[in-house]
$ cat query.txt   # compact mmCIF, N, CA and C atoms
# COMPACT_ATOMS: atom_id res chain seq x y z
N MET A 104 -39.96 -12.44 -5.69
CA MET A 104 -41.29 -12.05 -6.09
C MET A 104 -41.31 -11.88 -7.61
N ASN A 105 -42.36 -12.33 -8.23
CA ASN A 105 -42.35 -12.22 -9.69
C ASN A 105 -42.58 -10.78 -10.13
N LYS A 106 -42.24 -10.53 -11.36
CA LYS A 106 -42.23 -9.18 -11.91
C LYS A 106 -43.63 -8.56 -11.94
N ILE A 107 -44.63 -9.34 -12.28
CA ILE A 107 -46.00 -8.83 -12.36
C ILE A 107 -46.50 -8.41 -10.98
N ALA A 108 -46.28 -9.25 -9.99
CA ALA A 108 -46.73 -8.91 -8.63
C ALA A 108 -46.03 -7.66 -8.13
N GLN A 109 -44.74 -7.52 -8.43
CA GLN A 109 -44.00 -6.34 -8.00
C GLN A 109 -44.56 -5.09 -8.68
N SER A 110 -44.88 -5.20 -9.95
CA SER A 110 -45.43 -4.06 -10.68
C SER A 110 -46.80 -3.66 -10.13
N VAL A 111 -47.64 -4.64 -9.84
CA VAL A 111 -48.97 -4.35 -9.30
C VAL A 111 -48.87 -3.71 -7.93
N ARG A 112 -47.91 -4.13 -7.13
CA ARG A 112 -47.72 -3.51 -5.81
C ARG A 112 -47.40 -2.03 -5.95
N LEU A 113 -46.65 -1.67 -6.99
CA LEU A 113 -46.31 -0.27 -7.20
C LEU A 113 -47.53 0.58 -7.58
N TRP A 114 -48.56 -0.07 -8.14
CA TRP A 114 -49.78 0.66 -8.48
C TRP A 114 -50.36 1.32 -7.23
N PHE A 115 -50.26 0.62 -6.11
CA PHE A 115 -50.89 1.07 -4.88
C PHE A 115 -49.91 1.75 -3.92
N ALA A 116 -48.66 1.85 -4.32
CA ALA A 116 -47.64 2.49 -3.48
C ALA A 116 -46.70 3.32 -4.35
N PRO A 117 -47.25 4.33 -5.03
CA PRO A 117 -46.39 5.10 -5.94
C PRO A 117 -45.24 5.81 -5.25
N GLN A 118 -45.34 6.01 -3.95
CA GLN A 118 -44.23 6.65 -3.24
C GLN A 118 -42.97 5.78 -3.30
N ARG A 119 -43.14 4.46 -3.47
CA ARG A 119 -41.98 3.57 -3.59
C ARG A 119 -41.21 3.82 -4.88
N ILE A 120 -41.92 4.30 -5.90
CA ILE A 120 -41.24 4.61 -7.17
C ILE A 120 -40.24 5.73 -6.95
N ARG A 121 -40.57 6.65 -6.06
CA ARG A 121 -39.69 7.80 -5.80
C ARG A 121 -38.36 7.37 -5.18
N GLU A 122 -38.31 6.17 -4.64
CA GLU A 122 -37.07 5.67 -4.05
C GLU A 122 -36.05 5.28 -5.11
N GLU A 123 -36.51 5.16 -6.36
CA GLU A 123 -35.62 4.73 -7.44
C GLU A 123 -35.09 5.93 -8.20
N GLY A 124 -33.84 5.91 -8.50
CA GLY A 124 -33.23 6.88 -9.40
C GLY A 124 -33.44 8.33 -8.98
N ASP A 125 -33.41 9.20 -10.00
CA ASP A 125 -33.52 10.64 -9.80
C ASP A 125 -34.89 11.13 -10.24
N THR A 126 -35.30 12.25 -9.66
CA THR A 126 -36.57 12.85 -10.05
C THR A 126 -36.44 13.37 -11.48
N PRO A 127 -37.36 12.97 -12.36
CA PRO A 127 -37.30 13.46 -13.74
C PRO A 127 -37.76 14.91 -13.82
N ASP A 128 -37.47 15.52 -14.93
CA ASP A 128 -37.98 16.86 -15.21
C ASP A 128 -39.50 16.81 -15.07
N TYR A 129 -40.07 17.78 -14.39
CA TYR A 129 -41.50 17.76 -14.13
C TYR A 129 -42.34 17.78 -15.40
N ARG A 130 -41.81 18.34 -16.46
CA ARG A 130 -42.55 18.33 -17.73
C ARG A 130 -42.77 16.91 -18.20
N PHE A 131 -41.77 16.04 -18.03
CA PHE A 131 -41.91 14.65 -18.44
C PHE A 131 -42.87 13.90 -17.52
N TYR A 132 -42.77 14.19 -16.24
CA TYR A 132 -43.68 13.58 -15.27
C TYR A 132 -45.13 13.95 -15.61
N LEU A 133 -45.36 15.23 -15.87
CA LEU A 133 -46.72 15.68 -16.18
C LEU A 133 -47.20 15.14 -17.54
N ALA A 134 -46.29 15.01 -18.48
CA ALA A 134 -46.66 14.40 -19.77
C ALA A 134 -47.07 12.95 -19.57
N ASN A 135 -46.38 12.24 -18.68
CA ASN A 135 -46.74 10.86 -18.37
C ASN A 135 -48.14 10.81 -17.75
N GLU A 136 -48.45 11.76 -16.87
CA GLU A 136 -49.79 11.80 -16.28
C GLU A 136 -50.86 12.12 -17.32
N ARG A 137 -50.56 13.03 -18.25
CA ARG A 137 -51.54 13.34 -19.30
C ARG A 137 -51.80 12.11 -20.17
N THR A 138 -50.75 11.35 -20.44
CA THR A 138 -50.93 10.12 -21.22
C THR A 138 -51.80 9.14 -20.44
N PHE A 139 -51.56 9.02 -19.15
CA PHE A 139 -52.39 8.16 -18.30
C PHE A 139 -53.85 8.59 -18.39
N LEU A 140 -54.10 9.88 -18.26
CA LEU A 140 -55.48 10.38 -18.32
C LEU A 140 -56.12 10.12 -19.69
N ALA A 141 -55.34 10.21 -20.75
CA ALA A 141 -55.86 9.90 -22.08
C ALA A 141 -56.29 8.44 -22.18
N TRP A 142 -55.48 7.54 -21.60
CA TRP A 142 -55.83 6.12 -21.59
C TRP A 142 -57.11 5.89 -20.77
N ILE A 143 -57.24 6.61 -19.66
CA ILE A 143 -58.44 6.46 -18.83
C ILE A 143 -59.67 6.98 -19.59
N ARG A 144 -59.53 8.08 -20.30
CA ARG A 144 -60.66 8.57 -21.12
C ARG A 144 -61.03 7.55 -22.18
N THR A 145 -60.05 6.93 -22.78
CA THR A 145 -60.31 5.89 -23.77
C THR A 145 -61.05 4.72 -23.13
N ALA A 146 -60.60 4.32 -21.94
CA ALA A 146 -61.26 3.22 -21.23
C ALA A 146 -62.71 3.57 -20.93
N LEU A 147 -62.97 4.79 -20.46
CA LEU A 147 -64.33 5.21 -20.16
C LEU A 147 -65.20 5.23 -21.42
N ALA A 148 -64.62 5.67 -22.54
CA ALA A 148 -65.36 5.68 -23.80
C ALA A 148 -65.72 4.26 -24.24
N LEU A 149 -64.79 3.33 -24.09
CA LEU A 149 -65.06 1.94 -24.45
C LEU A 149 -66.15 1.35 -23.56
N ILE A 150 -66.07 1.62 -22.27
CA ILE A 150 -67.09 1.13 -21.35
C ILE A 150 -68.45 1.74 -21.67
N GLY A 151 -68.46 3.05 -21.92
CA GLY A 151 -69.71 3.71 -22.31
C GLY A 151 -70.26 3.14 -23.61
N GLY A 152 -69.38 2.85 -24.56
CA GLY A 152 -69.81 2.23 -25.81
C GLY A 152 -70.41 0.86 -25.60
N GLY A 153 -69.83 0.10 -24.68
CA GLY A 153 -70.39 -1.22 -24.37
C GLY A 153 -71.80 -1.12 -23.81
N PHE A 154 -72.00 -0.19 -22.90
CA PHE A 154 -73.35 0.00 -22.35
C PHE A 154 -74.31 0.54 -23.41
N ALA A 155 -73.82 1.41 -24.28
CA ALA A 155 -74.67 1.97 -25.33
C ALA A 155 -75.13 0.88 -26.28
N VAL A 156 -74.22 0.00 -26.67
CA VAL A 156 -74.60 -1.11 -27.56
C VAL A 156 -75.69 -1.95 -26.90
N ASP A 157 -75.51 -2.25 -25.63
CA ASP A 157 -76.49 -3.08 -24.92
C ASP A 157 -77.83 -2.39 -24.78
N GLN A 158 -77.82 -1.09 -24.50
CA GLN A 158 -79.07 -0.39 -24.21
C GLN A 158 -79.78 0.16 -25.44
N PHE A 159 -79.04 0.56 -26.45
CA PHE A 159 -79.65 1.27 -27.58
C PHE A 159 -79.79 0.44 -28.85
N LEU A 160 -79.41 -0.81 -28.80
CA LEU A 160 -79.63 -1.71 -29.93
C LEU A 160 -80.47 -2.91 -29.49
N PRO A 161 -81.66 -2.66 -28.93
CA PRO A 161 -82.45 -3.77 -28.38
C PRO A 161 -82.95 -4.75 -29.45
N ASP A 162 -83.06 -4.29 -30.69
CA ASP A 162 -83.56 -5.18 -31.74
C ASP A 162 -82.48 -6.07 -32.33
N LEU A 163 -81.26 -5.84 -31.94
CA LEU A 163 -80.16 -6.68 -32.39
C LEU A 163 -80.26 -8.03 -31.68
N ALA A 164 -79.97 -9.10 -32.36
CA ALA A 164 -80.03 -10.43 -31.75
C ALA A 164 -79.24 -10.43 -30.45
N TRP A 165 -79.79 -11.07 -29.42
CA TRP A 165 -79.21 -11.01 -28.09
C TRP A 165 -77.74 -11.41 -28.07
N GLY A 166 -77.39 -12.51 -28.72
CA GLY A 166 -76.01 -12.98 -28.71
C GLY A 166 -75.05 -12.00 -29.34
N VAL A 167 -75.47 -11.39 -30.43
CA VAL A 167 -74.64 -10.39 -31.11
C VAL A 167 -74.49 -9.16 -30.21
N ARG A 168 -75.60 -8.69 -29.68
CA ARG A 168 -75.58 -7.50 -28.83
C ARG A 168 -74.71 -7.74 -27.59
N ALA A 169 -74.90 -8.87 -26.95
CA ALA A 169 -74.13 -9.18 -25.74
C ALA A 169 -72.65 -9.34 -26.08
N GLY A 170 -72.34 -9.99 -27.18
CA GLY A 170 -70.94 -10.17 -27.57
C GLY A 170 -70.24 -8.85 -27.85
N LEU A 171 -70.92 -7.96 -28.58
CA LEU A 171 -70.33 -6.66 -28.86
C LEU A 171 -70.18 -5.83 -27.59
N ALA A 172 -71.22 -5.83 -26.76
CA ALA A 172 -71.16 -5.05 -25.51
C ALA A 172 -70.05 -5.58 -24.61
N LEU A 173 -69.97 -6.89 -24.46
CA LEU A 173 -68.93 -7.47 -23.60
C LEU A 173 -67.53 -7.23 -24.16
N GLY A 174 -67.39 -7.26 -25.49
CA GLY A 174 -66.09 -6.97 -26.10
C GLY A 174 -65.63 -5.56 -25.79
N LEU A 175 -66.55 -4.60 -25.90
CA LEU A 175 -66.20 -3.22 -25.59
C LEU A 175 -65.93 -3.02 -24.10
N LEU A 176 -66.74 -3.64 -23.26
CA LEU A 176 -66.52 -3.53 -21.82
C LEU A 176 -65.18 -4.14 -21.41
N ALA A 177 -64.87 -5.29 -21.97
CA ALA A 177 -63.59 -5.94 -21.65
C ALA A 177 -62.42 -5.08 -22.13
N ALA A 178 -62.54 -4.50 -23.32
CA ALA A 178 -61.49 -3.62 -23.83
C ALA A 178 -61.31 -2.41 -22.91
N GLY A 179 -62.42 -1.89 -22.39
CA GLY A 179 -62.35 -0.76 -21.46
C GLY A 179 -61.64 -1.12 -20.17
N VAL A 180 -61.96 -2.29 -19.64
CA VAL A 180 -61.31 -2.74 -18.41
C VAL A 180 -59.81 -2.93 -18.64
N LEU A 181 -59.46 -3.60 -19.72
CA LEU A 181 -58.03 -3.81 -20.02
C LEU A 181 -57.31 -2.49 -20.25
N CYS A 182 -57.97 -1.56 -20.89
CA CYS A 182 -57.35 -0.25 -21.14
C CYS A 182 -57.10 0.48 -19.83
N ALA A 183 -58.04 0.44 -18.91
CA ALA A 183 -57.85 1.10 -17.61
C ALA A 183 -56.70 0.47 -16.84
N LEU A 184 -56.64 -0.85 -16.82
CA LEU A 184 -55.55 -1.54 -16.12
C LEU A 184 -54.21 -1.24 -16.78
N ARG A 185 -54.20 -1.24 -18.08
CA ARG A 185 -52.97 -0.98 -18.82
C ARG A 185 -52.50 0.46 -18.59
N ALA A 186 -53.42 1.38 -18.42
CA ALA A 186 -53.07 2.78 -18.17
C ALA A 186 -52.23 2.90 -16.90
N VAL A 187 -52.67 2.23 -15.85
CA VAL A 187 -51.92 2.28 -14.59
C VAL A 187 -50.55 1.63 -14.77
N ASN A 188 -50.53 0.47 -15.38
CA ASN A 188 -49.27 -0.24 -15.58
C ASN A 188 -48.30 0.58 -16.42
N HIS A 189 -48.79 1.18 -17.48
CA HIS A 189 -47.93 1.97 -18.35
C HIS A 189 -47.39 3.19 -17.61
N TRP A 190 -48.23 3.84 -16.81
CA TRP A 190 -47.77 4.99 -16.05
C TRP A 190 -46.62 4.61 -15.13
N VAL A 191 -46.78 3.49 -14.40
CA VAL A 191 -45.73 3.04 -13.48
C VAL A 191 -44.45 2.70 -14.23
N ARG A 192 -44.59 1.97 -15.32
CA ARG A 192 -43.39 1.58 -16.09
C ARG A 192 -42.65 2.79 -16.64
N CYS A 193 -43.38 3.78 -17.14
CA CYS A 193 -42.73 4.98 -17.67
C CYS A 193 -42.08 5.79 -16.56
N GLU A 194 -42.77 5.90 -15.43
CA GLU A 194 -42.20 6.64 -14.30
C GLU A 194 -40.89 6.01 -13.85
N ARG A 195 -40.87 4.70 -13.72
CA ARG A 195 -39.65 4.00 -13.31
C ARG A 195 -38.54 4.20 -14.33
N ALA A 196 -38.88 4.10 -15.61
CA ALA A 196 -37.86 4.26 -16.65
C ALA A 196 -37.27 5.67 -16.64
N MET A 197 -38.13 6.68 -16.47
CA MET A 197 -37.62 8.05 -16.42
C MET A 197 -36.71 8.26 -15.23
N ARG A 198 -37.08 7.71 -14.09
CA ARG A 198 -36.26 7.87 -12.87
C ARG A 198 -34.92 7.15 -13.01
N ARG A 199 -34.90 6.05 -13.72
CA ARG A 199 -33.67 5.26 -13.88
C ARG A 199 -32.82 5.74 -15.05
N GLY A 200 -33.36 6.67 -15.84
CA GLY A 200 -32.62 7.13 -17.02
C GLY A 200 -32.62 6.12 -18.14
N GLU A 201 -33.61 5.25 -18.17
CA GLU A 201 -33.72 4.20 -19.19
C GLU A 201 -34.63 4.67 -20.33
N ASP A 202 -34.58 3.91 -21.42
CA ASP A 202 -35.53 4.16 -22.51
C ASP A 202 -36.93 3.89 -22.00
N LEU A 203 -37.89 4.62 -22.55
CA LEU A 203 -39.28 4.36 -22.17
C LEU A 203 -39.69 2.98 -22.68
N PRO A 204 -40.55 2.30 -21.94
CA PRO A 204 -40.95 0.94 -22.33
C PRO A 204 -41.75 0.94 -23.63
N VAL A 205 -41.50 -0.09 -24.40
CA VAL A 205 -42.23 -0.30 -25.64
C VAL A 205 -43.45 -1.16 -25.33
N SER A 206 -44.55 -0.88 -26.00
CA SER A 206 -45.77 -1.62 -25.72
C SER A 206 -46.49 -1.98 -27.01
N ARG A 207 -47.03 -3.18 -27.04
CA ARG A 207 -47.87 -3.62 -28.15
C ARG A 207 -49.34 -3.30 -27.88
N PHE A 208 -49.63 -2.83 -26.67
CA PHE A 208 -51.02 -2.64 -26.28
C PHE A 208 -51.79 -1.68 -27.20
N PRO A 209 -51.22 -0.55 -27.63
CA PRO A 209 -51.99 0.30 -28.54
C PRO A 209 -52.40 -0.43 -29.82
N THR A 210 -51.52 -1.26 -30.35
CA THR A 210 -51.84 -2.03 -31.55
C THR A 210 -52.95 -3.03 -31.27
N VAL A 211 -52.82 -3.75 -30.16
CA VAL A 211 -53.84 -4.75 -29.79
C VAL A 211 -55.19 -4.06 -29.56
N LEU A 212 -55.18 -2.95 -28.83
CA LEU A 212 -56.43 -2.24 -28.57
C LEU A 212 -57.06 -1.74 -29.87
N GLY A 213 -56.24 -1.18 -30.74
CA GLY A 213 -56.75 -0.73 -32.03
C GLY A 213 -57.37 -1.85 -32.84
N LEU A 214 -56.74 -3.02 -32.84
CA LEU A 214 -57.28 -4.17 -33.57
C LEU A 214 -58.58 -4.66 -32.94
N VAL A 215 -58.64 -4.69 -31.60
CA VAL A 215 -59.87 -5.12 -30.93
C VAL A 215 -61.02 -4.17 -31.26
N VAL A 216 -60.75 -2.87 -31.20
CA VAL A 216 -61.80 -1.90 -31.51
C VAL A 216 -62.23 -2.04 -32.97
N ALA A 217 -61.28 -2.24 -33.88
CA ALA A 217 -61.63 -2.42 -35.29
C ALA A 217 -62.48 -3.67 -35.50
N VAL A 218 -62.12 -4.77 -34.86
CA VAL A 218 -62.89 -6.01 -35.00
C VAL A 218 -64.31 -5.82 -34.45
N VAL A 219 -64.41 -5.18 -33.29
CA VAL A 219 -65.73 -4.94 -32.71
C VAL A 219 -66.55 -4.02 -33.61
N ALA A 220 -65.91 -3.01 -34.18
CA ALA A 220 -66.63 -2.10 -35.08
C ALA A 220 -67.14 -2.82 -36.32
N VAL A 221 -66.31 -3.67 -36.91
CA VAL A 221 -66.75 -4.45 -38.07
C VAL A 221 -67.89 -5.39 -37.67
N ALA A 222 -67.74 -6.04 -36.51
CA ALA A 222 -68.83 -6.92 -36.03
C ALA A 222 -70.11 -6.13 -35.80
N MET A 223 -70.00 -4.89 -35.32
CA MET A 223 -71.18 -4.07 -35.12
C MET A 223 -71.84 -3.73 -36.45
N VAL A 224 -71.05 -3.41 -37.45
CA VAL A 224 -71.61 -3.12 -38.77
C VAL A 224 -72.34 -4.35 -39.30
N VAL A 225 -71.70 -5.51 -39.20
CA VAL A 225 -72.33 -6.74 -39.67
C VAL A 225 -73.58 -7.04 -38.84
N GLY A 226 -73.48 -6.87 -37.52
CA GLY A 226 -74.62 -7.11 -36.65
C GLY A 226 -75.78 -6.19 -36.93
N VAL A 227 -75.50 -4.93 -37.16
CA VAL A 227 -76.57 -3.98 -37.45
C VAL A 227 -77.22 -4.30 -38.81
N LEU A 228 -76.42 -4.68 -39.78
CA LEU A 228 -76.96 -4.99 -41.09
C LEU A 228 -77.70 -6.31 -41.17
N PHE A 229 -77.19 -7.33 -40.45
CA PHE A 229 -77.75 -8.67 -40.62
C PHE A 229 -78.29 -9.30 -39.34
N GLY A 230 -78.10 -8.67 -38.20
CA GLY A 230 -78.45 -9.32 -36.93
C GLY A 230 -79.76 -8.93 -36.32
N TRP A 231 -80.58 -8.19 -37.03
CA TRP A 231 -81.87 -7.78 -36.45
C TRP A 231 -82.76 -8.99 -36.27
N GLU A 232 -83.42 -9.09 -35.11
CA GLU A 232 -84.29 -10.23 -34.82
C GLU A 232 -85.49 -10.25 -35.75
N GLY A 233 -85.93 -9.09 -36.21
CA GLY A 233 -87.12 -9.01 -37.05
C GLY A 233 -86.88 -9.46 -38.47
N ARG A 234 -85.66 -9.70 -38.87
CA ARG A 234 -85.37 -10.09 -40.27
C ARG A 234 -85.33 -11.56 -40.45

$ encode --input "query.txt" --output "structure tokens"
Amino acid sequence: MNKIAQSVRLWFAPQRIREEGDTPDYRFYLANERTFLAWIRTALALIGGGFAVDQFLPDLAWGVRAGLALGLLAAGVLCALRAVNHWVRCERAMRRGEDLPVSRFPTVLGLVVAVVAVAMVVGVLFGWEGR
């Protein structure tokens, strides 16, 4: 079975993670859960921002508004999915006594948000249909 499919299966069967290695210190387990919740809050904020752009910038050119809204919505979806994956990977690493996994996702997410923010500034300044 490929690695991605195995990881996704663990999303829906976290009890299988407990079969690996030793139980980590509960402080680390709870810290991992708090990190997961922070990622979920970020995902919800991105999704809310996508809907806000669509609903509260009606005078923005449709293509610009839709592009910005879809960019934020997509970032929110990816962030939510990544939150689950990161939680599972960290849990497994802690149980196995391995180093925590390294991820480029925070950098990618930060760059996506920055690009969308710059596009929003440009869109707000130059994308009004009335101009």

$ closest_residue --input "query.txt" --among "A:Thr138, A:Gln158, A:Thr145, A:Asn188" --to "Trp114 of chain A" --atoms "only N, CA and C atoms"
A:Asn188

$ atom_distance --input "query.txt" --atom1 "atom C of Arg185 of chain A" --atom2 "atom N of Gln118 of chain A"
17.2 Å

$ atom_distance --input "query.txt" --atom1 "atom C of Leu133 of chain A" --atom2 "atom N of Val187 of chain A"
14.1 Å

$ residues_around --input "query.txt" --residues "segment 199-214 of chain A" --least-positions-apart "5" --cutoff "8 Å" --atoms "only N, CA and C atoms" --output "number ranges by chain"
A: 123-127, 178, 182, 185, 192-194, 219-220

$ atom_distance --input "query.txt" --atom1 "atom CA of Asp162 of chain A" --atom2 "atom CA of Ala222 of chain A"
15.4 Å

$ residues_near_point --input "query.txt" --point "(-70.8, 1.3, -25.6)" --cutoff "12 Å" --atoms "only C-alpha atoms" --output "PyMOL selection string"
chain A and resi 145-160+168-179+216+219-220+223

$ select_by_dssp --input "query.txt" --residues "chain A" --states "alpha helix (DSSP H)" --output "MDAnalysis selection string"
chainID A and resid 106:114 129:159 165:199 208:229
